[in-house]
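Peer 1: Below is the structure I would like to discuss, written out as structure tokens.
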Amino acid sequence: LTAVLVQIARVQQLHQSSGAPAHSRKAQQIDRFRSLVDAHFRQRWPLQAYAEHLGITPGQLTRLCREVLGHSSLEVINARIVHEAQRELVYTRSSIKQVADHLGFVDEAYFTRFFRKHTGQTPREFRTRTLAAMAPGGAGETP
């Protein structure tokens, strides 16, 4: 439920902060990009593949993302991967290695470094702290 509410808030924020009407060409391209990211983040597509599917260059895609979303295209892709990793760490009993493999990482150590770089904690620390906060009598706040 929290993930759905976060996504709704993000969509609303996108439309409010973009400064462009929701039906503008830029907004449509961003919507298509985000749909592609949602569909293919597990395959770890390179930025070039997303750009080709949109019919633009990687540089144009990054400029578009910075203009509309305030983040680079790579940051958008990485945020989606981190979001899914967090979801799987909290709501499944999969091992860290299984989560890494499910997200397209060949190496668990690389996944751990990637996750720590983006969240400030290892996958194990994130899982432990979040589950403790969600437990009855826990802090009730998720990181």
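By order of appearance in the structure tokens: chains A, B, ..., then residues from 1 within every chain, and ligands from 1 in the order shown.
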Could you give me, as a Markdown table, a per-residue list for stretch 27-103 of chain A showing, wherever an atom lies at most 9 Å from an atom of stretch 123-140 of chain A, the closest pair of atoms and their distance in Å to one decimal, using only C-alpha atoms and sorting by chain then residue number from low to high?

Peer 2:
```
| residue | atom | partner | partner_atom | distance |
| --- | --- | --- | --- | --- |
| A:Ala85 | CA | A:Pro123 | CA | 8.2 |
| A:Gln86 | CA | A:Phe126 | CA | 7.7 |
| A:Leu89 | CA | A:Arg127 | CA | 5.6 |
| A:Val90 | CA | A:Arg127 | CA | 5.8 |
| A:Ile96 | CA | A:Pro123 | CA | 7.0 |
```

Peer 1: Store the residues of this selection in a file with N, CA, C and O atoms, as a PDB file, in the first residue's frame.

Peer 2:
```pdb
ATOM      1  N   ALA A  85      14.686  -3.475  -5.096  1.00  0.00           N
ATOM      2  CA  ALA A  85      15.526  -4.211  -4.152  1.00  0.00           C
ATOM      3  C   ALA A  85      14.983  -4.049  -2.735  1.00  0.00           C
ATOM      4  O   ALA A  85      14.875  -5.029  -1.991  1.00  0.00           O
ATOM      5  N   GLN A  86      14.632  -2.831  -2.364  1.00  0.00           N
ATOM      6  CA  GLN A  86      14.078  -2.587  -1.028  1.00  0.00           C
ATOM      7  C   GLN A  86      12.779  -3.356  -0.837  1.00  0.00           C
ATOM      8  O   GLN A  86      12.555  -3.963   0.204  1.00  0.00           O
ATOM      9  N   LEU A  89      13.601  -7.041  -0.405  1.00  0.00           N
ATOM     10  CA  LEU A  89      14.276  -7.310   0.864  1.00  0.00           C
ATOM     11  C   LEU A  89      13.292  -7.323   2.024  1.00  0.00           C
ATOM     12  O   LEU A  89      13.447  -8.088   2.976  1.00  0.00           O
ATOM     13  N   VAL A  90      12.273  -6.487   1.951  1.00  0.00           N
ATOM     14  CA  VAL A  90      11.316  -6.382   3.052  1.00  0.00           C
ATOM     15  C   VAL A  90      10.173  -7.385   2.923  1.00  0.00           C
ATOM     16  O   VAL A  90       9.770  -7.990   3.906  1.00  0.00           O
ATOM     17  N   ILE A  96      19.950 -12.483   0.000  1.00  0.00           N
ATOM     18  CA  ILE A  96      20.532 -11.330  -0.672  1.00  0.00           C
ATOM     19  C   ILE A  96      21.009 -11.755  -2.057  1.00  0.00           C
ATOM     20  O   ILE A  96      20.803 -11.039  -3.045  1.00  0.00           O
TER      21      ILE A  96
END
```

Peer 1: Find the residues near stretch 107-113 of chain A: any atom within 6 Å, counting only C-alpha atoms, skip ones fewer than 4 places away on the same chain, and give them as a ChimeraX atom specification.

Peer 2: /A:97,100,122

Peer 1: Would you export the selected residues with all heavy atoms as a PDB file, in the first residue's frame, please?

Peer 2:
```pdb
ATOM      1  N   LYS A  97      21.610 -12.924  -2.147  1.00  0.00           N
ATOM      2  CA  LYS A  97      22.087 -13.446  -3.429  1.00  0.00           C
ATOM      3  C   LYS A  97      20.923 -13.631  -4.402  1.00  0.00           C
ATOM      4  O   LYS A  97      21.030 -13.288  -5.581  1.00  0.00           O
ATOM      5  CB  LYS A  97      22.826 -14.760  -3.224  1.00  0.00           C
ATOM      6  CG  LYS A  97      23.425 -15.337  -4.485  1.00  0.00           C
ATOM      7  CD  LYS A  97      24.248 -16.570  -4.153  1.00  0.00           C
ATOM      8  CE  LYS A  97      24.832 -17.212  -5.381  1.00  0.00           C
ATOM      9  NZ  LYS A  97      25.757 -16.391  -6.106  1.00  0.00           N
ATOM     10  N   ALA A 100      19.748 -10.205  -5.573  1.00  0.00           N
ATOM     11  CA  ALA A 100      20.720  -9.683  -6.540  1.00  0.00           C
ATOM     12  C   ALA A 100      20.520 -10.332  -7.902  1.00  0.00           C
ATOM     13  O   ALA A 100      20.466  -9.647  -8.932  1.00  0.00           O
ATOM     14  CB  ALA A 100      22.138  -9.918  -6.039  1.00  0.00           C
ATOM     15  N   THR A 122      23.963  -1.572   3.833  1.00  0.00           N
ATOM     16  CA  THR A 122      23.982  -2.815   3.063  1.00  0.00           C
ATOM     17  C   THR A 122      22.564  -3.376   2.977  1.00  0.00           C
ATOM     18  O   THR A 122      21.691  -2.999   3.781  1.00  0.00           O
ATOM     19  CB  THR A 122      24.892  -3.865   3.734  1.00  0.00           C
ATOM     20  OG1 THR A 122      24.302  -4.256   4.979  1.00  0.00           O
ATOM     21  CG2 THR A 122      26.304  -3.348   3.927  1.00  0.00           C
TER      22      THR A 122
END
```

Peer 1: Which value, in Å to one decimal, gives the distance between atom CA of A:Ala27 and atom CA of A:Cys65?

Peer 2: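 Those two atoms sit 9.7 Å apart.
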
Peer 1: From the set A:Ala79, A:Val68, A:Leu61, A:Ile8, which residue has the shortest atom-to-atom contact distance to A:Ala49, counting only C-alpha atoms?

Peer 2: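 Comparing A:Ala79, A:Val68, A:Leu61, A:Ile8 against A:Ala49, the winner is A:Leu61.
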
Peer 1: Let me make sure I understand: among A:Leu103, A:Leu64, A:Ile77, A:Ala9, which one has the smallest atom-to-atom distance to A:Val37 if we use only C-alpha atoms?

Peer 2: A:Ile77

Peer 1: For A:Ile56, find every residue with an atom within 12 Å (counting only C-alpha atoms), except residues of its own chain fewer than 5 positions away, and show them as a ChimeraX atom specification.

Peer 2: /A:26,29-30,33,47-51,61-64

Peer 1: What parts of chain A does DSSP call helix (DSSP H, G or I)? I'd like the answer as a PyMOL selection string.

Peer 2: chain A and resi 2-17+25-43+47-54+58-68+73-91+96-102+108-119+123-134

Peer 1: What is the atom CA of A:Pro46-atom CA of A:Arg80 distance in Å, reported with one decimal?

Peer 2: 14.0 Å

Peer 1: One decimal, Å: what's the distance from atom CA of A:Asp31 over to atom CA of A:Val106, could you say?

Peer 2: 28.9 Å

Peer 1: Choose the residue, out of A:Leu69, A:Gly104, A:Glu75, A:Val82, that has the smallest atom-to-atom separation from A:Gln13; count only C-alpha atoms.

Peer 2: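 For A:Gln13, the nearest of the candidates is A:Leu69.
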